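Participant: coords.cif is reproduced below (mmCIF, C-alpha atoms and all ligand atoms).
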```
data_entry
loop_
_atom_site.label_atom_id
_atom_site.label_comp_id
_atom_site.auth_asym_id
_atom_site.auth_seq_id
_atom_site.Cartn_x
_atom_site.Cartn_y
_atom_site.Cartn_z
CA MET A 1 -152.42 143.99 -63.51
CA ASN A 2 -151.34 145.24 -60.11
CA GLU A 3 -153.50 147.20 -57.71
CA LEU A 4 -152.15 150.59 -58.76
CA GLU A 5 -152.72 149.89 -62.45
CA ALA A 6 -156.27 148.74 -61.74
CA PHE A 7 -156.86 151.92 -59.72
CA LEU A 8 -155.53 154.16 -62.51
CA ARG A 9 -157.76 152.33 -64.95
CA LYS A 10 -160.86 152.86 -62.81
CA ILE A 11 -160.57 156.53 -61.89
CA PRO A 12 -162.85 158.83 -63.93
CA LYS A 13 -161.01 160.88 -66.52
CA ALA A 14 -161.43 163.51 -69.19
CA GLU A 15 -159.07 163.25 -72.13
CA LEU A 16 -158.23 166.35 -74.16
CA HIS A 17 -155.43 165.09 -76.38
CA VAL A 18 -156.27 162.21 -78.68
CA HIS A 19 -156.49 161.97 -82.49
CA PHE A 20 -159.36 160.11 -84.13
CA THR A 21 -157.39 158.28 -86.82
CA GLY A 22 -154.57 157.68 -84.32
CA ALA A 23 -156.94 155.90 -81.96
CA LEU A 24 -158.02 153.12 -84.35
CA ARG A 25 -157.12 149.60 -83.28
CA ARG A 26 -155.27 147.41 -85.76
CA GLU A 27 -158.41 145.27 -86.26
CA ILE A 28 -160.25 148.33 -87.58
CA PHE A 29 -157.52 148.93 -90.17
CA GLU A 30 -157.66 145.26 -91.14
CA THR A 31 -161.44 145.07 -91.36
CA LEU A 32 -161.53 148.11 -93.66
CA ASN A 33 -158.64 146.75 -95.71
CA ARG A 34 -160.60 143.52 -96.29
CA LYS A 35 -163.86 145.36 -96.94
CA TYR A 36 -162.30 147.39 -99.76
CA ASN A 37 -159.68 144.90 -100.86
CA ALA A 38 -157.42 147.90 -100.44
CA ASN A 39 -154.00 146.28 -100.49
CA GLU A 40 -152.77 148.24 -97.48
CA HIS A 41 -151.25 145.21 -95.70
CA LYS A 42 -147.72 146.56 -95.79
CA ALA A 43 -148.77 149.99 -94.57
CA ILE A 44 -150.71 148.38 -91.70
CA ASP A 45 -147.74 146.18 -90.77
CA ARG A 46 -145.51 149.25 -90.70
CA ALA A 47 -148.02 151.24 -88.64
CA PHE A 48 -148.04 148.59 -85.91
CA ASP A 49 -144.42 147.49 -86.11
CA ARG A 50 -143.20 147.37 -82.52
CA THR A 51 -139.68 146.41 -83.43
CA GLY A 52 -138.79 149.24 -85.77
CA TYR A 53 -139.64 152.82 -86.36
CA ASN A 54 -143.34 153.02 -87.03
CA ASN A 55 -144.20 156.28 -88.68
CA VAL A 56 -147.33 157.44 -86.92
CA LEU A 57 -148.02 160.34 -89.26
CA THR A 58 -147.99 157.96 -92.24
CA ALA A 59 -150.31 155.61 -90.37
CA LEU A 60 -152.82 158.44 -89.91
CA LYS A 61 -152.91 158.86 -93.69
CA THR A 62 -153.42 155.12 -94.16
CA ALA A 63 -156.37 155.23 -91.77
CA SER A 64 -157.94 158.14 -93.66
CA ARG A 65 -157.52 156.31 -96.96
CA LEU A 66 -159.33 153.28 -95.52
CA LEU A 67 -162.23 155.23 -93.99
CA ARG A 68 -163.93 155.57 -97.35
CA LYS A 69 -167.57 155.92 -96.42
CA PRO A 70 -169.41 157.89 -93.73
CA GLU A 71 -170.44 154.66 -92.01
CA ASP A 72 -166.77 153.64 -91.70
CA ILE A 73 -166.10 156.85 -89.80
CA ARG A 74 -169.23 156.39 -87.69
CA ASP A 75 -168.34 152.82 -86.73
CA ALA A 76 -164.65 153.60 -86.15
CA VAL A 77 -165.29 156.49 -83.76
CA TYR A 78 -167.82 154.30 -81.93
CA GLU A 79 -165.09 151.68 -81.38
CA VAL A 80 -162.56 154.32 -80.39
CA GLN A 81 -164.96 155.55 -77.72
CA ARG A 82 -165.66 152.01 -76.54
CA ASP A 83 -161.92 151.60 -75.88
CA ALA A 84 -161.78 154.89 -73.99
CA ALA A 85 -164.82 154.01 -71.88
CA ASP A 86 -163.01 150.77 -70.91
CA ASN A 87 -160.33 153.08 -69.49
CA SER A 88 -162.95 155.03 -67.49
CA VAL A 89 -162.64 158.04 -69.78
CA ARG A 90 -165.95 159.85 -69.26
CA TYR A 91 -165.40 162.81 -71.53
CA ARG A 92 -163.17 163.22 -74.54
CA GLU A 93 -162.35 166.03 -76.95
CA ILE A 94 -161.09 164.38 -80.12
CA PHE A 95 -158.89 165.92 -82.81
CA TRP A 96 -159.68 165.04 -86.38
CA ASN A 97 -158.21 166.29 -89.66
CA PRO A 98 -160.98 167.24 -92.10
CA THR A 99 -158.47 167.78 -94.92
CA ASP A 100 -157.30 164.15 -94.68
CA HIS A 101 -160.83 162.81 -95.15
CA ALA A 102 -161.45 165.27 -98.00
CA ASP A 103 -158.17 164.62 -99.81
CA LEU A 104 -157.82 160.87 -99.24
CA ALA A 105 -161.44 159.68 -99.26
CA ASP A 106 -163.27 162.52 -100.95
CA LEU A 107 -165.50 163.12 -97.94
CA PRO A 108 -166.57 166.75 -97.52
CA TYR A 109 -166.35 168.40 -94.11
CA ASP A 110 -170.05 168.30 -93.27
CA VAL A 111 -170.39 164.64 -94.30
CA ALA A 112 -167.43 163.55 -92.18
CA GLN A 113 -168.58 165.68 -89.24
CA ASP A 114 -172.09 164.16 -89.38
CA ALA A 115 -170.62 160.64 -89.42
CA LEU A 116 -168.43 161.39 -86.40
CA ILE A 117 -171.36 162.87 -84.50
CA ASP A 118 -173.51 159.84 -85.33
CA GLY A 119 -170.84 157.52 -83.91
CA LEU A 120 -170.28 159.68 -80.83
CA ARG A 121 -174.02 159.75 -80.09
CA ARG A 122 -174.24 155.95 -80.32
CA ALA A 123 -171.16 155.54 -78.12
CA GLU A 124 -172.58 157.87 -75.49
CA GLN A 125 -175.82 155.90 -75.51
CA ASP A 126 -174.10 152.52 -75.20
CA PHE A 127 -171.02 153.32 -73.06
CA GLY A 128 -171.94 156.57 -71.29
CA ILE A 129 -168.88 158.38 -72.66
CA ILE A 130 -169.30 161.94 -73.98
CA GLY A 131 -167.31 162.79 -77.11
CA ARG A 132 -166.75 166.21 -78.62
CA LEU A 133 -164.79 167.26 -81.69
CA ILE A 134 -161.81 169.46 -82.51
CA PRO A 135 -161.29 169.79 -86.26
CA SER A 136 -157.57 170.25 -86.60
CA ILE A 137 -155.36 171.98 -89.13
CA ASP A 138 -152.68 169.89 -90.83
CA ARG A 139 -149.77 172.33 -90.58
CA SER A 140 -147.97 170.78 -93.54
CA LEU A 141 -150.69 172.30 -95.75
CA SER A 142 -150.84 175.96 -96.66
CA PRO A 143 -152.31 178.67 -94.40
CA GLU A 144 -154.84 179.33 -97.18
CA ARG A 145 -155.99 175.72 -97.04
CA ALA A 146 -156.28 176.01 -93.26
CA PHE A 147 -158.43 179.11 -93.65
CA GLU A 148 -160.64 177.23 -96.10
CA MET A 149 -160.97 174.37 -93.63
CA VAL A 150 -161.97 176.67 -90.79
CA SER A 151 -164.48 178.34 -93.14
CA ASP A 152 -166.05 174.88 -93.56
CA VAL A 153 -166.14 174.47 -89.78
CA VAL A 154 -167.86 177.84 -89.40
CA ALA A 155 -170.33 177.02 -92.18
CA SER A 156 -171.45 173.77 -90.49
CA PRO A 157 -171.69 174.62 -86.79
CA SER A 158 -172.56 171.86 -84.34
CA PRO A 159 -172.79 171.62 -80.55
CA PHE A 160 -170.39 168.68 -80.89
CA THR A 161 -167.66 170.85 -82.43
CA LEU A 162 -166.18 173.02 -79.72
CA GLY A 163 -163.04 174.48 -81.23
CA ILE A 164 -160.10 174.01 -83.54
CA GLY A 165 -156.54 172.77 -83.21
CA ILE A 166 -153.40 172.42 -85.28
CA ASP A 167 -151.29 169.29 -85.51
CA TYR A 168 -148.95 167.13 -87.61
CA LEU A 169 -145.22 167.79 -87.60
CA GLU A 170 -144.47 171.02 -85.77
CA THR A 171 -141.39 171.78 -87.81
CA ASP A 172 -143.54 171.80 -90.97
CA GLY A 173 -145.42 174.97 -90.08
CA LEU A 174 -144.92 177.76 -87.58
CA PRO A 175 -148.07 178.74 -85.68
CA GLU A 176 -147.94 182.39 -86.79
CA SER A 177 -148.49 181.35 -90.42
CA PHE A 178 -151.99 180.23 -89.45
CA TRP A 179 -153.12 183.38 -87.62
CA LYS A 180 -155.89 184.07 -90.11
CA ALA A 181 -157.54 180.66 -89.74
CA PHE A 182 -157.41 180.96 -85.94
CA LYS A 183 -158.78 184.52 -86.09
CA LEU A 184 -161.74 183.27 -88.10
CA ALA A 185 -162.37 180.49 -85.57
CA HIS A 186 -162.04 182.84 -82.60
CA GLU A 187 -164.37 185.44 -84.12
CA ASN A 188 -166.97 182.74 -84.61
CA GLY A 189 -166.94 181.61 -81.01
CA LEU A 190 -164.80 178.50 -81.49
CA ARG A 191 -162.22 177.67 -78.83
CA CYS A 192 -158.58 177.27 -79.86
CA THR A 193 -155.71 174.97 -78.95
CA ALA A 194 -152.46 174.11 -80.71
CA HIS A 195 -149.70 171.53 -80.76
CA ALA A 196 -146.62 173.57 -79.83
CA GLY A 197 -143.30 173.13 -78.09
CA GLU A 198 -143.30 169.46 -78.99
CA ASP A 199 -140.39 168.89 -81.32
CA GLY A 200 -137.73 170.92 -79.61
CA SER A 201 -139.07 174.13 -81.15
CA HIS A 202 -138.39 177.59 -79.72
CA PRO A 203 -140.59 178.42 -76.69
CA ARG A 204 -141.86 181.46 -78.57
CA SER A 205 -144.17 179.05 -80.42
CA VAL A 206 -146.05 178.50 -77.16
CA GLU A 207 -146.24 182.26 -76.62
CA THR A 208 -147.42 182.82 -80.20
CA CYS A 209 -150.21 180.29 -79.73
CA LEU A 210 -151.37 182.03 -76.56
CA ASP A 211 -151.15 185.59 -77.85
CA LEU A 212 -151.75 185.41 -81.58
CA LEU A 213 -153.81 182.23 -82.04
CA HIS A 214 -156.12 182.81 -79.01
CA CYS A 215 -155.29 179.39 -77.57
CA SER A 216 -156.76 178.66 -74.16
CA ARG A 217 -154.56 175.61 -73.72
CA ILE A 218 -151.44 174.08 -75.29
CA ASP A 219 -150.91 170.54 -76.58
CA HIS A 220 -147.51 169.21 -75.42
CA GLY A 221 -145.77 172.57 -74.78
CA TYR A 222 -142.55 171.07 -73.37
CA THR A 223 -140.21 173.84 -74.51
CA VAL A 224 -142.07 176.37 -72.36
CA LEU A 225 -139.54 175.51 -69.65
CA GLU A 226 -136.75 177.10 -71.67
CA ASP A 227 -138.30 180.53 -71.06
CA GLU A 228 -138.60 181.34 -67.37
CA ALA A 229 -140.83 184.39 -67.81
CA LEU A 230 -143.20 182.46 -70.06
CA THR A 231 -143.29 179.55 -67.61
CA GLN A 232 -144.19 181.96 -64.80
CA ARG A 233 -146.88 183.52 -66.95
CA CYS A 234 -148.41 180.10 -67.67
CA LEU A 235 -148.37 179.36 -63.94
CA ASP A 236 -150.02 182.71 -63.15
CA GLU A 237 -152.68 182.27 -65.82
CA GLY A 238 -153.28 178.59 -65.07
CA ILE A 239 -152.63 177.56 -68.66
CA VAL A 240 -153.41 173.87 -69.14
CA PHE A 241 -150.92 171.69 -71.03
CA THR A 242 -152.11 168.41 -72.54
CA VAL A 243 -148.93 166.37 -72.21
CA VAL A 244 -148.36 162.93 -73.68
CA PRO A 245 -146.11 160.74 -71.53
CA SER A 246 -145.94 157.85 -73.99
CA ASN A 247 -145.03 159.78 -77.11
CA SER A 248 -143.08 162.81 -78.23
CA HIS A 249 -139.87 163.83 -79.83
CA TYR A 250 -138.29 163.42 -76.36
CA CYS A 251 -139.18 159.75 -76.13
CA GLU A 252 -137.15 159.25 -79.29
CA VAL A 253 -134.14 161.41 -78.46
CA LEU A 254 -133.80 160.70 -74.74
CA GLU A 255 -132.15 157.39 -74.16
CA GLY A 256 -130.85 155.49 -71.21
CA GLN A 257 -132.14 154.83 -67.75
CA ASP A 258 -132.55 158.46 -66.78
CA TRP A 259 -134.76 159.42 -69.73
CA SER A 260 -137.74 160.06 -67.49
CA VAL A 261 -135.62 162.11 -65.08
CA VAL A 262 -134.50 164.55 -67.76
CA HIS A 263 -137.82 164.52 -69.69
CA PRO A 264 -139.53 167.94 -69.58
CA ILE A 265 -142.83 166.43 -68.37
CA ARG A 266 -141.19 165.72 -65.00
CA HIS A 267 -139.90 169.28 -64.78
CA MET A 268 -143.26 170.74 -65.84
CA MET A 269 -144.83 168.75 -63.03
CA ASP A 270 -142.16 169.91 -60.56
CA ARG A 271 -142.79 173.54 -61.54
CA GLY A 272 -146.48 173.11 -60.81
CA LEU A 273 -147.75 173.70 -64.36
CA LYS A 274 -151.29 172.49 -64.94
CA LEU A 275 -150.96 169.18 -66.77
CA THR A 276 -153.55 166.86 -68.23
CA ILE A 277 -152.63 163.44 -69.53
CA GLY A 278 -153.33 162.54 -73.16
CA SER A 279 -152.81 159.30 -75.06
CA ASP A 280 -152.41 161.01 -78.48
CA ASP A 281 -152.54 157.98 -80.85
CA PRO A 282 -152.87 155.15 -78.31
CA PRO A 283 -152.71 151.92 -80.39
CA LEU A 284 -149.94 153.36 -82.57
CA HIS A 285 -147.90 154.09 -79.44
CA PHE A 286 -148.88 150.73 -77.93
CA THR A 287 -150.61 152.36 -75.00
CA ASP A 288 -154.05 153.42 -73.81
CA PRO A 289 -155.38 156.32 -71.71
CA ALA A 290 -155.04 154.48 -68.40
CA TRP A 291 -151.50 153.27 -69.16
CA CYS A 292 -150.47 156.90 -69.72
CA TYR A 293 -151.35 157.51 -66.05
CA VAL A 294 -149.31 154.45 -65.09
CA VAL A 295 -146.32 155.98 -66.92
CA MET A 296 -146.86 159.27 -65.06
CA VAL A 297 -146.60 157.42 -61.73
CA ASN A 298 -144.00 154.77 -62.53
CA GLU A 299 -141.69 156.78 -64.78
CA PHE A 300 -142.25 160.43 -63.89
CA GLY A 301 -142.78 159.98 -60.16
CA ALA A 302 -146.30 161.41 -59.94
CA THR A 303 -147.96 160.89 -56.57
CA LEU A 304 -151.64 160.05 -56.15
CA ASP A 305 -152.20 163.71 -55.19
CA ASP A 306 -150.62 164.65 -58.52
CA VAL A 307 -152.93 162.20 -60.29
CA ARG A 308 -155.94 163.77 -58.54
CA GLY A 309 -154.64 167.12 -59.83
CA PHE A 310 -154.41 165.77 -63.41
CA ILE A 311 -158.07 164.73 -63.22
CA ALA A 312 -159.08 168.17 -61.92
CA ASN A 313 -156.95 169.87 -64.60
CA SER A 314 -158.54 167.77 -67.34
CA ILE A 315 -161.94 169.07 -66.24
CA ASP A 316 -160.69 172.66 -65.88
CA GLY A 317 -159.03 172.62 -69.30
CA SER A 318 -161.99 171.10 -71.11
CA TRP A 319 -164.39 173.14 -73.20
CA ALA A 320 -167.50 171.54 -71.67
CA PRO A 321 -170.19 173.85 -70.23
CA GLU A 322 -169.21 175.32 -66.85
CA ALA A 323 -172.19 173.78 -65.01
CA GLU A 324 -171.21 170.33 -66.23
CA LYS A 325 -167.58 170.90 -65.23
CA GLN A 326 -168.64 171.86 -61.72
CA ARG A 327 -170.69 168.71 -61.39
CA TRP A 328 -167.81 166.53 -62.66
CA ARG A 329 -165.37 168.16 -60.25
CA ALA A 330 -167.60 167.21 -57.32
CA GLU A 331 -168.61 163.74 -58.51
CA TRP A 332 -165.38 162.53 -60.11
CA LEU A 333 -163.09 163.71 -57.34
CA GLU A 334 -165.33 162.11 -54.75
CA GLU A 335 -165.21 158.90 -56.74
CA PHE A 336 -161.42 159.25 -56.95
CA ASP A 337 -161.16 159.65 -53.17
CA THR A 338 -163.38 156.63 -52.53
CA LEU A 339 -161.31 154.46 -54.86
CA ARG A 340 -158.10 155.76 -53.31
CA ASN A 341 -159.32 155.01 -49.80
CA SER A 342 -159.93 151.41 -50.78
CA LEU A 343 -156.31 150.95 -51.90
CA ASN A 344 -154.10 148.87 -49.65
CA LYS A 345 -151.12 151.05 -50.46
CA GLN A 346 -152.01 154.72 -50.15
CA ASP A 347 -148.61 156.24 -49.52
CA LEU A 348 -147.66 157.02 -53.13
ZN ZN B 401 -151.17 165.13 -80.69
#
```
Can you give me the file's structure in the form of structure tokens?
Ligand SMILES: [Zn+2]

Facilitator:
Amino acid sequence: MNELEAFLRKIPKAELHVHFTGALRREIFETLNRKYNANEHKAIDRAFDRTGYNNVLTALKTASRLLRKPEDIRDAVYEVQRDAADNSVRYREIFWNPTDHADLADLPYDVAQDALIDGLRRAEQDFGIIGRLIPSIDRSLSPERAFEMVSDVVASPSPFTLGIGIDYLETDGLPESFWKAFKLAHENGLRCTAHAGEDGSHPRSVETCLDLLHCSRIDHGYTVLEDEALTQRCLDEGIVFTVVPSNSHYCEVLEGQDWSVVHPIRHMMDRGLKLTIGSDDPPLHFTDPAWCYVVMVNEFGATLDDVRGFIANSIDGSWAPEAEKQRWRAEWLEEFDTLRNSLNKQDL
């Protein structure tokens, strides 16, 4: 590991874009597979196949099938947080899909939520990392099912659950279809975010999430650049985008040496949009939170000032209490500056 990589690993971070079942290491899949004699070897091989096309969305379902008992969820999220703490992630808001655990392992919302909270508490105690939850709508399911899911969220409130999101394949469900579920969340004091503008969709999806779904930030959001007025609005309003440098539709369709030059993340950065760096489903994309920062520098040309900005944006965009955010801004950025000053090469 070179000096820059070590630096990017050490700097304190908040991560706002990561999925619980997407963050499980292969060993966790394998341990659960053995525990239940579940015969998921082939699915696990496919999930972690570096040579071919590994279908991440299918892997998320495999993980949910294997997490059969509350203690599996508790122990898995504990491990997921251990990995993040090793990357100096201090605070993390984690997406999870309650409908997957209900449909594939028969675990009701409140049972799964309690197990996650139990694991997050233990991880905070042992590794000092704070974890919070974002129950997320699977957009391939019906809007009625989404409304039902958010009703469950509202019925079992917890200080660990800060808001809701929507994920899975963007082309499977337009954001406007889910207005009612988001309205219910918003009316009950939950914060809102949404995966939008990820799969080459029309930029109006980003606008719809801001105006109709009450979203305070956008996950991915790359197509925003196709609408100049909307881009300017996001700049004016300081909308935070949780971009994922190591995974998106663009990583699959952009080929050749200049992929990172034409990738929208570079142009979002050049336009001055507020970006935070997320690892999405790190082991399934063969990355980790710190390596995503390495990609931002090595591939997208981010400077160390840009990286400092990403850290500040990740605090700004988080749903943590304002007093805590203020403290992190002071402490983390000071820590960042101290680490930066000790670098031999500071001219990035
Ligand atoms: Zn995502």

Participant: Do you have the atom CA of A:His17-atom CA of A:Glu40 distance handy?

Facilitator: 27.1 Å

Participant: Using all atoms listed in the file, which protein or nucleic acid residues come within 7 Å of A:Asp219? Drop anything in the same chain fewer than 5 positions from it, and give the result as a ChimeraX atom specification.

Facilitator: /A:193-196,241-243

Participant: Can you tell me which residues come within 8 Å of ligand ZN 401 (chain B) when counting all atoms listed in the file, ideally as a PDB file with C-alpha atoms, in the coordinates of the input?

Facilitator:
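Contents of part05.pdb, as written:
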```
ATOM      1  CA  HIS A  17    -155.430 165.090 -76.380  1.00  0.00           C
ATOM      2  CA  VAL A  18    -156.270 162.210 -78.680  1.00  0.00           C
ATOM      3  CA  HIS A  19    -156.490 161.970 -82.490  1.00  0.00           C
ATOM      4  CA  ASP A 167    -151.290 169.290 -85.510  1.00  0.00           C
ATOM      5  CA  TYR A 168    -148.950 167.130 -87.610  1.00  0.00           C
ATOM      6  CA  HIS A 195    -149.700 171.530 -80.760  1.00  0.00           C
ATOM      7  CA  ASP A 219    -150.910 170.540 -76.580  1.00  0.00           C
ATOM      8  CA  HIS A 220    -147.510 169.210 -75.420  1.00  0.00           C
ATOM      9  CA  VAL A 244    -148.360 162.930 -73.680  1.00  0.00           C
ATOM     10  CA  ASP A 280    -152.410 161.010 -78.480  1.00  0.00           C
ATOM     11  CA  ASP A 281    -152.540 157.980 -80.850  1.00  0.00           C
TER      12      ASP A 281
END
```

Participant: Which of these, A:Pro264, A:Pro289, A:Gly317, A:Pro283, has the shortest distance to A:Cys192 once you count only C-alpha atoms?

Facilitator: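 So, comparing all the options, the nearest one is A:Gly317.
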
Participant: Counting all atoms listed in the file, which of A:Arg308, A:His41, A:Arg46, A:Lys180 gets nearest to A:Arg340?

Facilitator: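 Using all atoms listed in the file, the shortest distance to A:Arg340 belongs to A:Arg308.
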
Participant: So what do you get for atom CA of A:Val154 versus atom CA of A:Ala320, distance-wise?

Facilitator: 18.8 Å

Participant: Interatomic distance between atom CA of A:Gly131 and atom CA of A:Trp319?

Facilitator: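 According to the coordinates, atom CA of A:Gly131 and atom CA of A:Trp319 are separated by 11.4 Å.
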
Participant: May I ask which of the residues A:Ser279, A:Thr223, A:Ser88, A:Thr171 is the closest one to A:Phe336, counting all atoms listed in the file?

Facilitator: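 Closest to A:Phe336 of all the choices is A:Ser88.
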
Participant: With distances taken over all atoms listed in the file, which of A:Leu16, A:Leu116, A:Val150, A:Ala155 is nearest to A:Arg217?

Facilitator: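 Between A:Leu16, A:Leu116, A:Val150, A:Ala155, the residue approaching A:Arg217 most closely is A:Leu16.
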